[in-house]
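Engineer: data16.pdb is the file, holding PDB, C-alpha atoms, pLDDT in the B column:
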```pdb
ATOM      1  CA  MET A  13       0.000   0.000   0.000  1.00 97.00           C
ATOM      2  CA  ILE A  14       1.184   3.531  -0.669  1.00 98.00           C
ATOM      3  CA  ARG A  15      -0.044   6.820   0.778  1.00 98.00           C
ATOM      4  CA  VAL A  16       0.999  10.420   0.090  1.00 98.00           C
ATOM      5  CA  GLN A  17      -0.382  12.750   2.715  1.00 98.00           C
ATOM      6  CA  ALA A  18       0.139  15.978   4.644  1.00 98.00           C
ATOM      7  CA  GLU A  19      -0.904  14.412   7.970  1.00 98.00           C
ATOM      8  CA  ASP A  20       1.382  12.635  10.404  1.00 98.00           C
ATOM      9  CA  PHE A  21       1.187   8.848  10.844  1.00 98.00           C
ATOM     10  CA  ASP A  22       1.302   6.456  13.791  1.00 98.00           C
ATOM     11  CA  VAL A  23       4.091   3.939  13.143  1.00 98.00           C
ATOM     12  CA  GLY A  24       2.822   1.434  15.716  1.00 98.00           C
ATOM     13  CA  GLN A  25      -0.678   1.474  14.292  1.00 98.00           C
ATOM     14  CA  GLU A  26       0.531   1.213  10.690  1.00 98.00           C
ATOM     15  CA  ILE A  27       2.700  -1.803  11.509  1.00 97.00           C
ATOM     16  CA  LYS A  28      -0.132  -3.446  13.414  1.00 97.00           C
ATOM     17  CA  ASN A  29      -2.434  -2.930  10.408  1.00 97.00           C
ATOM     18  CA  MET A  30       0.097  -4.655   8.150  1.00 97.00           C
ATOM     19  CA  SER A  31       0.438  -7.788  10.241  1.00 95.00           C
ATOM     20  CA  ASP A  32      -3.027  -8.119  11.805  1.00 96.00           C
ATOM     21  CA  GLY A  33      -4.622 -11.390  10.766  1.00 94.00           C
ATOM     22  CA  ASN A  34      -1.708 -12.493   8.568  1.00 96.00           C
ATOM     23  CA  HIS A  35       0.091 -15.305  10.380  1.00 96.00           C
ATOM     24  CA  ALA A  36       2.345 -16.076   7.417  1.00 97.00           C
ATOM     25  CA  ILE A  37       4.403 -13.030   8.444  1.00 98.00           C
ATOM     26  CA  GLY A  38       7.448 -13.952  10.522  1.00 97.00           C
ATOM     27  CA  GLY A  39       9.375 -10.689  10.235  1.00 97.00           C
ATOM     28  CA  LEU A  40       8.543  -7.072   9.601  1.00 98.00           C
ATOM     29  CA  CYS A  41      11.165  -4.404   9.036  1.00 98.00           C
ATOM     30  CA  SER A  42      10.424  -0.678   9.003  1.00 98.00           C
ATOM     31  CA  PHE A  43      12.311   2.559   8.399  1.00 98.00           C
ATOM     32  CA  VAL A  44      11.187   6.019   9.514  1.00 98.00           C
ATOM     33  CA  GLY A  45      12.765   9.183   8.087  1.00 97.00           C
ATOM     34  CA  LEU A  46      12.698  12.307  10.285  1.00 96.00           C
ATOM     35  CA  VAL A  47      13.443  16.002   9.793  1.00 93.00           C
ATOM     36  CA  ARG A  48      16.966  16.727  11.100  1.00 87.00           C
ATOM     37  CA  GLU A  49      17.732  19.987  12.841  1.00 84.00           C
ATOM     38  CA  MET A  50      21.077  20.599  11.126  1.00 72.00           C
ATOM     39  CA  ALA A  51      21.978  20.822   7.436  1.00 64.00           C
ATOM     40  CA  GLY A  52      25.704  21.352   7.173  1.00 68.00           C
ATOM     41  CA  SER A  53      26.430  24.410   9.271  1.00 67.00           C
ATOM     42  CA  ALA A  54      22.960  25.977   9.067  1.00 71.00           C
ATOM     43  CA  ASP A  55      20.169  25.380  11.585  1.00 78.00           C
ATOM     44  CA  ILE A  56      16.875  24.307  10.075  1.00 76.00           C
ATOM     45  CA  GLY A  57      13.736  25.993  11.366  1.00 84.00           C
ATOM     46  CA  ALA A  58      11.414  23.980   9.150  1.00 92.00           C
ATOM     47  CA  MET A  59      11.193  22.431   5.701  1.00 93.00           C
ATOM     48  CA  THR A  60       8.608  22.271   2.990  1.00 96.00           C
ATOM     49  CA  LEU A  61       8.250  19.134   0.932  1.00 97.00           C
ATOM     50  CA  GLU A  62       6.991  19.711  -2.589  1.00 98.00           C
ATOM     51  CA  HIS A  63       5.903  16.838  -4.815  1.00 98.00           C
ATOM     52  CA  TYR A  64       4.445  16.095  -8.244  1.00 98.00           C
ATOM     53  CA  PRO A  65       0.873  14.944  -7.624  1.00 95.00           C
ATOM     54  CA  GLY A  66      -0.007  12.283 -10.145  1.00 92.00           C
ATOM     55  CA  MET A  67       3.529  11.125 -10.751  1.00 98.00           C
ATOM     56  CA  THR A  68       4.266  10.602  -7.051  1.00 98.00           C
ATOM     57  CA  ASP A  69       1.675   7.852  -6.645  1.00 97.00           C
ATOM     58  CA  LYS A  70       2.794   6.145  -9.848  1.00 97.00           C
ATOM     59  CA  ALA A  71       6.476   6.263  -8.867  1.00 97.00           C
ATOM     60  CA  LEU A  72       5.815   4.857  -5.388  1.00 98.00           C
ATOM     61  CA  GLU A  73       3.535   2.128  -6.765  1.00 98.00           C
ATOM     62  CA  LYS A  74       6.252   1.117  -9.200  1.00 97.00           C
ATOM     63  CA  ILE A  75       8.870   0.926  -6.426  1.00 98.00           C
ATOM     64  CA  GLU A  76       6.547  -1.116  -4.241  1.00 98.00           C
ATOM     65  CA  ALA A  77       5.689  -3.462  -7.131  1.00 98.00           C
ATOM     66  CA  GLU A  78       9.382  -4.025  -7.813  1.00 97.00           C
ATOM     67  CA  ALA A  79      10.029  -4.902  -4.145  1.00 98.00           C
ATOM     68  CA  ASN A  80       7.198  -7.415  -4.302  1.00 98.00           C
ATOM     69  CA  GLU A  81       8.649  -8.969  -7.452  1.00 98.00           C
ATOM     70  CA  ARG A  82      12.090  -9.319  -5.908  1.00 97.00           C
ATOM     71  CA  TRP A  83      11.217 -10.549  -2.422  1.00 98.00           C
ATOM     72  CA  PRO A  84       8.456 -12.860  -1.138  1.00 98.00           C
ATOM     73  CA  LEU A  85       6.563 -10.180   0.770  1.00 98.00           C
ATOM     74  CA  GLU A  86       3.298 -10.693   2.604  1.00 98.00           C
ATOM     75  CA  SER A  87       2.784  -6.968   2.994  1.00 98.00           C
ATOM     76  CA  SER A  88       4.513  -3.683   2.151  1.00 98.00           C
ATOM     77  CA  LEU A  89       3.870  -0.042   2.932  1.00 98.00           C
ATOM     78  CA  ILE A  90       5.149   3.369   1.847  1.00 98.00           C
ATOM     79  CA  ILE A  91       3.808   6.538   3.474  1.00 98.00           C
ATOM     80  CA  HIS A  92       5.371   9.866   2.448  1.00 98.00           C
ATOM     81  CA  ARG A  93       4.331  13.273   3.728  1.00 98.00           C
ATOM     82  CA  TYR A  94       4.364  16.615   1.934  1.00 98.00           C
ATOM     83  CA  GLY A  95       3.928  20.223   3.080  1.00 98.00           C
ATOM     84  CA  ARG A  96       5.578  22.038   5.983  1.00 97.00           C
ATOM     85  CA  LEU A  97       7.479  19.926   8.516  1.00 96.00           C
ATOM     86  CA  GLU A  98       9.581  20.813  11.548  1.00 94.00           C
ATOM     87  CA  PRO A  99      12.676  19.183  13.075  1.00 93.00           C
ATOM     88  CA  GLY A 100      11.680  15.915  14.729  1.00 95.00           C
ATOM     89  CA  ASP A 101       8.649  15.436  12.464  1.00 97.00           C
ATOM     90  CA  GLN A 102       8.219  12.152  10.630  1.00 98.00           C
ATOM     91  CA  ILE A 103       8.639  12.419   6.837  1.00 98.00           C
ATOM     92  CA  VAL A 104       8.453   8.889   5.549  1.00 98.00           C
ATOM     93  CA  LEU A 105       7.655   5.337   6.629  1.00 98.00           C
ATOM     94  CA  VAL A 106       8.559   2.280   4.593  1.00 98.00           C
ATOM     95  CA  ALA A 107       7.957  -1.242   5.826  1.00 98.00           C
ATOM     96  CA  ALA A 108       8.136  -4.764   4.459  1.00 98.00           C
ATOM     97  CA  ALA A 109       6.792  -7.981   5.982  1.00 98.00           C
ATOM     98  CA  SER A 110       7.800 -11.480   4.962  1.00 98.00           C
ATOM     99  CA  PRO A 111       7.832 -15.005   6.373  1.00 98.00           C
ATOM    100  CA  HIS A 112      11.560 -14.574   7.128  1.00 95.00           C
ATOM    101  CA  ARG A 113      13.661 -11.688   8.334  1.00 96.00           C
ATOM    102  CA  GLN A 114      16.212 -11.438   5.536  1.00 97.00           C
ATOM    103  CA  ALA A 115      13.637 -10.630   2.867  1.00 98.00           C
ATOM    104  CA  SER A 116      11.971  -8.023   5.082  1.00 98.00           C
ATOM    105  CA  PHE A 117      15.298  -6.318   5.903  1.00 98.00           C
ATOM    106  CA  GLU A 118      16.413  -6.272   2.269  1.00 98.00           C
ATOM    107  CA  ALA A 119      13.071  -5.153   0.864  1.00 98.00           C
ATOM    108  CA  CYS A 120      12.799  -2.347   3.424  1.00 98.00           C
ATOM    109  CA  HIS A 121      16.287  -1.128   2.549  1.00 98.00           C
ATOM    110  CA  PHE A 122      15.482  -1.325  -1.170  1.00 98.00           C
ATOM    111  CA  LEU A 123      12.233   0.632  -0.725  1.00 98.00           C
ATOM    112  CA  ILE A 124      13.880   3.619   0.955  1.00 98.00           C
ATOM    113  CA  ASP A 125      16.944   3.620  -1.331  1.00 97.00           C
ATOM    114  CA  PHE A 126      14.814   3.602  -4.487  1.00 96.00           C
ATOM    115  CA  LEU A 127      12.342   6.096  -3.075  1.00 97.00           C
ATOM    116  CA  LYS A 128      15.130   8.581  -2.398  1.00 96.00           C
ATOM    117  CA  THR A 129      16.301   8.612  -6.016  1.00 94.00           C
ATOM    118  CA  LYS A 130      13.053   8.030  -7.945  1.00 95.00           C
ATOM    119  CA  ALA A 131      10.052   9.508  -6.123  1.00 97.00           C
ATOM    120  CA  PRO A 132       9.373  13.123  -7.215  1.00 98.00           C
ATOM    121  CA  PHE A 133       9.764  14.975  -3.902  1.00 98.00           C
ATOM    122  CA  TRP A 134      11.893  18.061  -3.244  1.00 98.00           C
ATOM    123  CA  LYS A 135      12.891  19.533   0.111  1.00 96.00           C
ATOM    124  CA  LEU A 136      13.071  23.275   0.651  1.00 96.00           C
ATOM    125  CA  GLU A 137      14.832  23.962   3.950  1.00 92.00           C
ATOM    126  CA  ASP A 138      14.118  27.104   5.907  1.00 90.00           C
ATOM    127  CA  THR A 139      17.620  27.678   7.337  1.00 85.00           C
ATOM    128  CA  SER A 140      19.239  30.412   9.396  1.00 81.00           C
ATOM    129  CA  GLU A 141      20.881  31.448   6.092  1.00 83.00           C
ATOM    130  CA  GLY A 142      17.551  31.644   4.242  1.00 88.00           C
ATOM    131  CA  PRO A 143      15.496  29.131   2.226  1.00 92.00           C
ATOM    132  CA  LYS A 144      17.579  26.501   0.460  1.00 92.00           C
ATOM    133  CA  TRP A 145      16.635  23.673  -1.897  1.00 95.00           C
ATOM    134  CA  VAL A 146      18.323  20.503  -0.711  1.00 92.00           C
ATOM    135  CA  ASP A 147      20.857  19.154  -3.200  1.00 90.00           C
ATOM    136  CA  ALA A 148      20.650  15.538  -4.265  1.00 87.00           C
ATOM    137  CA  ARG A 149      23.482  13.441  -2.844  1.00 86.00           C
ATOM    138  CA  SER A 150      25.638  11.202  -4.977  1.00 85.00           C
ATOM    139  CA  SER A 151      25.722   8.780  -2.023  1.00 89.00           C
ATOM    140  CA  ASP A 152      21.948   8.308  -2.516  1.00 89.00           C
ATOM    141  CA  ASP A 153      22.501   7.383  -6.177  1.00 88.00           C
ATOM    142  CA  ALA A 154      25.201   4.947  -5.102  1.00 89.00           C
ATOM    143  CA  ALA A 155      22.874   3.423  -2.485  1.00 90.00           C
ATOM    144  CA  ALA A 156      20.135   2.886  -5.088  1.00 91.00           C
ATOM    145  CA  ALA A 157      22.615   1.551  -7.660  1.00 90.00           C
ATOM    146  CA  ARG A 158      23.586  -1.294  -5.320  1.00 90.00           C
ATOM    147  CA  TRP A 159      20.131  -2.801  -5.881  1.00 90.00           C
ATOM    148  CA  ILE A 160      20.360  -2.749  -9.669  1.00 86.00           C
ATOM    149  CA  LYS A 161      21.053  -6.241 -10.893  1.00 75.00           C
ATOM    150  CA  ALA A 162      24.071  -6.657 -13.124  1.00 60.00           C
TER
ATOM    151  CA  MET B  23      -0.341  21.323 -27.613  1.00 96.00           C
ATOM    152  CA  ILE B  24       2.033  20.086 -24.928  1.00 97.00           C
ATOM    153  CA  ASN B  25       1.623  20.650 -21.195  1.00 98.00           C
ATOM    154  CA  LEU B  26       4.781  21.758 -19.380  1.00 98.00           C
ATOM    155  CA  LEU B  27       5.176  21.476 -15.583  1.00 98.00           C
ATOM    156  CA  TYR B  28       7.964  22.882 -13.418  1.00 98.00           C
ATOM    157  CA  PHE B  29       8.960  21.913  -9.870  1.00 98.00           C
ATOM    158  CA  ALA B  30      11.215  23.186  -7.061  1.00 97.00           C
ATOM    159  CA  TRP B  31      13.987  25.568  -8.200  1.00 96.00           C
ATOM    160  CA  VAL B  32      13.176  24.979 -11.867  1.00 97.00           C
ATOM    161  CA  ARG B  33       9.692  26.414 -11.144  1.00 97.00           C
ATOM    162  CA  GLU B  34      11.169  29.356  -9.216  1.00 97.00           C
ATOM    163  CA  ARG B  35      13.572  30.243 -12.032  1.00 96.00           C
ATOM    164  CA  VAL B  36      11.017  29.879 -14.831  1.00 97.00           C
ATOM    165  CA  GLY B  37       8.517  31.828 -12.710  1.00 97.00           C
ATOM    166  CA  ILE B  38       5.444  29.650 -13.343  1.00 97.00           C
ATOM    167  CA  ALA B  39       4.293  26.166 -12.288  1.00 98.00           C
ATOM    168  CA  ASN B  40       2.790  25.087 -15.605  1.00 98.00           C
ATOM    169  CA  GLU B  41       1.917  26.221 -19.117  1.00 98.00           C
ATOM    170  CA  GLU B  42       0.349  24.815 -22.231  1.00 98.00           C
ATOM    171  CA  ILE B  43       2.177  25.594 -25.438  1.00 97.00           C
ATOM    172  CA  ALA B  44       1.952  24.684 -29.085  1.00 97.00           C
ATOM    173  CA  MET B  45       4.390  21.918 -29.990  1.00 95.00           C
ATOM    174  CA  PRO B  46       7.478  23.713 -31.396  1.00 95.00           C
ATOM    175  CA  SER B  47       7.988  22.641 -35.000  1.00 92.00           C
ATOM    176  CA  ASP B  48      11.648  21.674 -34.670  1.00 92.00           C
ATOM    177  CA  VAL B  49      11.286  19.657 -31.445  1.00 95.00           C
ATOM    178  CA  SER B  50      11.096  15.875 -31.524  1.00 97.00           C
ATOM    179  CA  THR B  51      12.993  14.779 -28.388  1.00 97.00           C
ATOM    180  CA  VAL B  52      13.415  15.871 -24.776  1.00 97.00           C
ATOM    181  CA  ALA B  53      16.894  17.179 -25.629  1.00 95.00           C
ATOM    182  CA  ASP B  54      15.412  19.355 -28.412  1.00 96.00           C
ATOM    183  CA  LEU B  55      12.839  20.761 -26.003  1.00 96.00           C
ATOM    184  CA  VAL B  56      15.456  21.559 -23.341  1.00 95.00           C
ATOM    185  CA  ALA B  57      17.531  23.407 -25.967  1.00 94.00           C
ATOM    186  CA  TRP B  58      14.399  25.247 -27.163  1.00 95.00           C
ATOM    187  CA  GLN B  59      13.508  26.265 -23.588  1.00 95.00           C
ATOM    188  CA  ARG B  60      16.920  27.887 -23.106  1.00 93.00           C
ATOM    189  CA  ASP B  61      16.083  30.503 -25.751  1.00 93.00           C
ATOM    190  CA  ARG B  62      12.815  31.632 -24.186  1.00 94.00           C
ATOM    191  CA  GLY B  63      14.194  34.328 -21.880  1.00 93.00           C
ATOM    192  CA  GLU B  64      16.257  34.950 -18.805  1.00 94.00           C
ATOM    193  CA  GLY B  65      14.394  32.731 -16.303  1.00 95.00           C
ATOM    194  CA  TYR B  66      14.286  29.805 -18.723  1.00 96.00           C
ATOM    195  CA  ALA B  67      17.937  30.293 -19.634  1.00 95.00           C
ATOM    196  CA  GLU B  68      18.836  30.203 -15.941  1.00 95.00           C
ATOM    197  CA  ALA B  69      16.661  27.166 -15.199  1.00 95.00           C
ATOM    198  CA  PHE B  70      18.063  25.177 -18.120  1.00 94.00           C
ATOM    199  CA  ALA B  71      21.614  26.536 -18.083  1.00 90.00           C
ATOM    200  CA  ASP B  72      23.048  23.206 -17.018  1.00 77.00           C
ATOM    201  CA  GLY B  73      21.247  20.625 -19.139  1.00 66.00           C
ATOM    202  CA  ASP B  74      22.725  17.752 -17.175  1.00 78.00           C
ATOM    203  CA  VAL B  75      21.109  18.802 -13.902  1.00 90.00           C
ATOM    204  CA  VAL B  76      17.445  19.216 -14.834  1.00 95.00           C
ATOM    205  CA  ARG B  77      15.536  15.930 -14.856  1.00 96.00           C
ATOM    206  CA  VAL B  78      12.577  15.248 -17.125  1.00 97.00           C
ATOM    207  CA  ALA B  79       9.432  13.134 -16.882  1.00 98.00           C
ATOM    208  CA  VAL B  80       7.143  12.549 -19.863  1.00 98.00           C
ATOM    209  CA  ASN B  81       3.591  11.527 -18.975  1.00 98.00           C
ATOM    210  CA  GLN B  82       4.735  11.035 -15.367  1.00 98.00           C
ATOM    211  CA  GLU B  83       7.581   8.605 -16.114  1.00 96.00           C
ATOM    212  CA  HIS B  84      11.283   9.435 -15.750  1.00 96.00           C
ATOM    213  CA  VAL B  85      12.909   9.630 -19.198  1.00 97.00           C
ATOM    214  CA  GLU B  86      16.318  10.233 -20.734  1.00 95.00           C
ATOM    215  CA  MET B  87      17.204  13.104 -23.060  1.00 95.00           C
ATOM    216  CA  GLY B  88      16.649  11.055 -26.222  1.00 96.00           C
ATOM    217  CA  HIS B  89      13.020  10.267 -25.360  1.00 98.00           C
ATOM    218  CA  PRO B  90      10.563  11.341 -28.116  1.00 98.00           C
ATOM    219  CA  ILE B  91       7.972  14.046 -27.508  1.00 97.00           C
ATOM    220  CA  GLN B  92       4.527  14.024 -29.069  1.00 96.00           C
ATOM    221  CA  ASN B  93       1.602  16.362 -29.244  1.00 96.00           C
ATOM    222  CA  GLY B  94      -0.519  15.979 -26.098  1.00 97.00           C
ATOM    223  CA  ASP B  95       2.353  14.949 -23.815  1.00 98.00           C
ATOM    224  CA  GLU B  96       2.689  16.144 -20.215  1.00 98.00           C
ATOM    225  CA  ILE B  97       6.347  17.068 -19.737  1.00 98.00           C
ATOM    226  CA  ALA B  98       7.746  17.914 -16.299  1.00 98.00           C
ATOM    227  CA  PHE B  99      11.109  19.531 -15.528  1.00 98.00           C
ATOM    228  CA  PHE B 100      12.655  19.324 -12.062  1.00 97.00           C
ATOM    229  CA  PRO B 101      15.905  19.062 -10.079  1.00 96.00           C
ATOM    230  CA  PRO B 102      17.203  15.665  -8.929  1.00 96.00           C
ATOM    231  CA  VAL B 103      14.711  14.407  -6.337  1.00 96.00           C
ATOM    232  CA  THR B 104      15.399  14.780  -2.604  1.00 96.00           C
ATOM    233  CA  GLY B 105      12.569  13.004  -0.789  1.00 95.00           C
ATOM    234  CA  GLY B 106      12.748  10.311   1.857  1.00 93.00           C
TER
END
```
Step by step, read the file and then write its structure as structure tokens.

Structural biologist:
Amino acid sequence: MIRVQAEDFDVGQEIKNMSDGNHAIGGLCSFVGLVREMAGSADIGAMTLEHYPGMTDKALEKIEAEANERWPLESSLIIHRYGRLEPGDQIVLVAAASPHRQASFEACHFLIDFLKTKAPFWKLEDTSEGPKWVDARSSDDAAAARWIKA
Amino acid sequence: MINLLYFAWVRERVGIANEEIAMPSDVSTVADLVAWQRDRGEGYAEAFADGDVVRVAVNQEHVEMGHPIQNGDEIAFFPPVTGG
């Protein structure tokens, strides 16, 4: 399941919803991304997440479908927020559930790595030096590239 | 007609979020359109100055510069994504 929303989410509840009633699940791995208070040397007061409505859903669905093709998942979830967020706020939740732990760990890692390089979101940080668009990191490309099969 | 969308700093530099334009006669690929955009004025020139940085989606799918463009397409221009 994927969701793109302005509202916050309850990680415990979301995980419970994924596994409730499905006793084939033996392991569930989740990752939560949060707003950090520091970007380099500048303090962040808040950030605004912009996205491309229409394409965002498609991109996330494609990433989720690929995870389900590559690992035997019983359940998967991507929730990504948009709008204004403050340090400490939750930005993203990805989770993958499988009969065994290795698939859930790997799929969870894959979901966040691919999301970071393919989902059309952009962060505008409100820093002590003024508003700044976050630059993409080459380390994120490298992280996603590790999952591309030779 | 083609529908052009702009996001993040590409939108700020161009000065608008979207526009519908007639398909330019000499444009058949994404690369052609990027080159054409550069000649449309100061904001466009600034947004598309470095052709390697701006990413493009056609009909909501990431594409490379050689991707063909057709009448009726939705074409989005944006910086490398930074979600997650």

Engineer: Could you list, as a VMD selection string, every residue within 6 Å of Ala108 in chain A, counting all atoms listed in the file and ignoring same-chain residues fewer than 4 positions away?

Structural biologist: chain A and resid 40 to 41 87 to 88 116 120

Engineer: Once you count only C-alpha atoms, which residues of chain B turn out to be within 10 Å of chain A? Could you give them as a ChimeraX atom specification?

Structural biologist: /B:27-31,79-84,98,100-106

Engineer: When the PyMOL selection byres ((chain B and resi 51) around 12) is applied to the structure above, which residues does it catch, written out as a list in words?

Structural biologist: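 On this input, the PyMOL selection byres ((chain B and resi 51) around 12) captures Met45, Pro46, Ser47, Asp48, Val49, Ser50, Val52, Ala53, Asp54, Leu55, Val56, Ala57, Trp58, Val78, Val80, Val85, Glu86, Met87, Gly88, His89, Pro90, Ile91, Gln92, Asn93, Asp95 and Ile97 of chain B.
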
Engineer: Output the selection as a PDB file, in the frame of the given file - C-alpha atoms for each residue.

Structural biologist:
```
ATOM      1  CA  MET B  45       4.390  21.918 -29.990  1.00 95.00           C
ATOM      2  CA  PRO B  46       7.478  23.713 -31.396  1.00 95.00           C
ATOM      3  CA  SER B  47       7.988  22.641 -35.000  1.00 92.00           C
ATOM      4  CA  ASP B  48      11.648  21.674 -34.670  1.00 92.00           C
ATOM      5  CA  VAL B  49      11.286  19.657 -31.445  1.00 95.00           C
ATOM      6  CA  SER B  50      11.096  15.875 -31.524  1.00 97.00           C
ATOM      7  CA  VAL B  52      13.415  15.871 -24.776  1.00 97.00           C
ATOM      8  CA  ALA B  53      16.894  17.179 -25.629  1.00 95.00           C
ATOM      9  CA  ASP B  54      15.412  19.355 -28.412  1.00 96.00           C
ATOM     10  CA  LEU B  55      12.839  20.761 -26.003  1.00 96.00           C
ATOM     11  CA  VAL B  56      15.456  21.559 -23.341  1.00 95.00           C
ATOM     12  CA  ALA B  57      17.531  23.407 -25.967  1.00 94.00           C
ATOM     13  CA  TRP B  58      14.399  25.247 -27.163  1.00 95.00           C
ATOM     14  CA  VAL B  78      12.577  15.248 -17.125  1.00 97.00           C
ATOM     15  CA  VAL B  80       7.143  12.549 -19.863  1.00 98.00           C
ATOM     16  CA  VAL B  85      12.909   9.630 -19.198  1.00 97.00           C
ATOM     17  CA  GLU B  86      16.318  10.233 -20.734  1.00 95.00           C
ATOM     18  CA  MET B  87      17.204  13.104 -23.060  1.00 95.00           C
ATOM     19  CA  GLY B  88      16.649  11.055 -26.222  1.00 96.00           C
ATOM     20  CA  HIS B  89      13.020  10.267 -25.360  1.00 98.00           C
ATOM     21  CA  PRO B  90      10.563  11.341 -28.116  1.00 98.00           C
ATOM     22  CA  ILE B  91       7.972  14.046 -27.508  1.00 97.00           C
ATOM     23  CA  GLN B  92       4.527  14.024 -29.069  1.00 96.00           C
ATOM     24  CA  ASN B  93       1.602  16.362 -29.244  1.00 96.00           C
ATOM     25  CA  ASP B  95       2.353  14.949 -23.815  1.00 98.00           C
ATOM     26  CA  ILE B  97       6.347  17.068 -19.737  1.00 98.00           C
TER      27      ILE B  97
END
```

Engineer: Could you tell me, as number ranges by chain, exactly which residues end up selected when the PyMOL selection byres ((chain B and resi 23) around 7) is applied to this structure?

Structural biologist: B: 24-25, 42-45, 93-94

Engineer: Just the number, please: distance in Å from CA of Asp22 in chain A to CA of Ile75 in chain A, one decimal.

Structural biologist: 22.3 Å

Engineer: If the PyMOL selection byres ((chain B and resi 65) around 8) is run on the structure shown, which residues does it catch, given as a PDB file with C-alpha atoms, keeping the file's coordinate frame?

Structural biologist:
```
ATOM      1  CA  ARG B  35      13.572  30.243 -12.032  1.00 96.00           C
ATOM      2  CA  VAL B  36      11.017  29.879 -14.831  1.00 97.00           C
ATOM      3  CA  GLY B  37       8.517  31.828 -12.710  1.00 97.00           C
ATOM      4  CA  GLY B  63      14.194  34.328 -21.880  1.00 93.00           C
ATOM      5  CA  GLU B  64      16.257  34.950 -18.805  1.00 94.00           C
ATOM      6  CA  TYR B  66      14.286  29.805 -18.723  1.00 96.00           C
ATOM      7  CA  ALA B  67      17.937  30.293 -19.634  1.00 95.00           C
ATOM      8  CA  GLU B  68      18.836  30.203 -15.941  1.00 95.00           C
ATOM      9  CA  ALA B  69      16.661  27.166 -15.199  1.00 95.00           C
TER      10      ALA B  69
END
```

Engineer: If I take CA of Pro143 in chain A and CA of Ala71 in chain B, how far is one from the other in Å, to one decimal?

Structural biologist: 21.4 Å

Engineer: Between CA of Glu19 in chain A and CA of Ile37 in chain A, what is the distance in Å, rounded to a tenth?

Structural biologist: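 If I compute the distance from CA of Glu19 in chain A to CA of Ile37 in chain A, I get 28.0 Å.
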
Engineer: Which residue out of A:Ala54, A:Ala36, A:Ile27, A:Val16 has the minimum interatomic distance to Thr139 in chain A when only C-alpha atoms are used?

Structural biologist: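 Counting only C-alpha atoms, the residue closest to Thr139 in chain A is A:Ala54.
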
Engineer: Box for range 39-57 of chain A: with edges along x, y and z, all listed atoms inside and 5 Å added on each side, what are the centre and edge lengths in Å to one decimal, as AutoDock Vina command-line options?

Structural biologist:
```
--center_x 17.5 --center_y 7.7 --center_z 10.0 --size_x 27.9 --size_y 46.7 --size_z 15.7
```

Engineer: Using all atoms listed in the file, which residues sit within 10 Å of Met50 in chain A once same-chain residues fewer than 6 positions away are excluded, as a ChimeraX atom specification?

Structural biologist: /A:56-57,99,139

Engineer: Write to file, as an mmCIF file, keeping the file's coordinate frame, the residues of the selection just made, with C-alpha atoms.

Structural biologist:
```cif
data_model
loop_
_atom_site.group_PDB
_atom_site.id
_atom_site.type_symbol
_atom_site.label_atom_id
_atom_site.label_comp_id
_atom_site.auth_asym_id
_atom_site.auth_seq_id
_atom_site.Cartn_x
_atom_site.Cartn_y
_atom_site.Cartn_z
ATOM 1 C CA ILE A 56 16.875 24.307 10.075
ATOM 2 C CA GLY A 57 13.736 25.993 11.366
ATOM 3 C CA PRO A 99 12.676 19.183 13.075
ATOM 4 C CA THR A 139 17.620 27.678 7.337
#
```

Engineer: Have a look at B:Asn40, B:Leu26, B:Asp61, B:Arg77 and name the one nearest to Glu96 in chain B; count all atoms listed in the file.

Structural biologist: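 Distance minimum relative to Glu96 in chain B lands on B:Leu26.
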
Engineer: Will you model N, CA and C atoms for range 40-49 of chain B and pass it back as a PDB file, keeping the file's coordinate frame?

Structural biologist:
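selection.pdb was written with the following content:
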```pdb
ATOM      1  N   ASN B  40       3.151  25.865 -14.410  1.00 98.00           N
ATOM      2  CA  ASN B  40       2.790  25.087 -15.605  1.00 98.00           C
ATOM      3  C   ASN B  40       2.332  25.993 -16.731  1.00 98.00           C
ATOM      4  N   GLU B  41       2.370  25.481 -17.934  1.00 98.00           N
ATOM      5  CA  GLU B  41       1.917  26.221 -19.117  1.00 98.00           C
ATOM      6  C   GLU B  41       1.611  25.230 -20.231  1.00 98.00           C
ATOM      7  N   GLU B  42       0.669  25.626 -21.067  1.00 98.00           N
ATOM      8  CA  GLU B  42       0.349  24.815 -22.231  1.00 98.00           C
ATOM      9  C   GLU B  42       0.845  25.569 -23.452  1.00 98.00           C
ATOM     10  N   ILE B  43       1.633  24.907 -24.267  1.00 97.00           N
ATOM     11  CA  ILE B  43       2.177  25.594 -25.438  1.00 97.00           C
ATOM     12  C   ILE B  43       1.968  24.746 -26.691  1.00 97.00           C
ATOM     13  N   ALA B  44       2.018  25.412 -27.823  1.00 97.00           N
ATOM     14  CA  ALA B  44       1.952  24.684 -29.085  1.00 97.00           C
ATOM     15  C   ALA B  44       3.260  23.931 -29.251  1.00 97.00           C
ATOM     16  N   MET B  45       3.193  22.728 -29.769  1.00 95.00           N
ATOM     17  CA  MET B  45       4.390  21.918 -29.990  1.00 95.00           C
ATOM     18  C   MET B  45       5.319  22.668 -30.954  1.00 95.00           C
ATOM     19  N   PRO B  46       6.560  23.011 -30.492  1.00 95.00           N
ATOM     20  CA  PRO B  46       7.478  23.713 -31.396  1.00 95.00           C
ATOM     21  C   PRO B  46       7.801  22.827 -32.602  1.00 95.00           C
ATOM     22  N   SER B  47       7.893  23.432 -33.766  1.00 92.00           N
ATOM     23  CA  SER B  47       7.988  22.641 -35.000  1.00 92.00           C
ATOM     24  C   SER B  47       9.283  21.836 -35.103  1.00 92.00           C
ATOM     25  N   ASP B  48      10.365  22.367 -34.502  1.00 92.00           N
ATOM     26  CA  ASP B  48      11.648  21.674 -34.670  1.00 92.00           C
ATOM     27  C   ASP B  48      12.019  20.804 -33.472  1.00 92.00           C
ATOM     28  N   VAL B  49      11.022  20.455 -32.643  1.00 95.00           N
ATOM     29  CA  VAL B  49      11.286  19.657 -31.445  1.00 95.00           C
ATOM     30  C   VAL B  49      10.736  18.245 -31.623  1.00 95.00           C
TER      31      VAL B  49
END
```
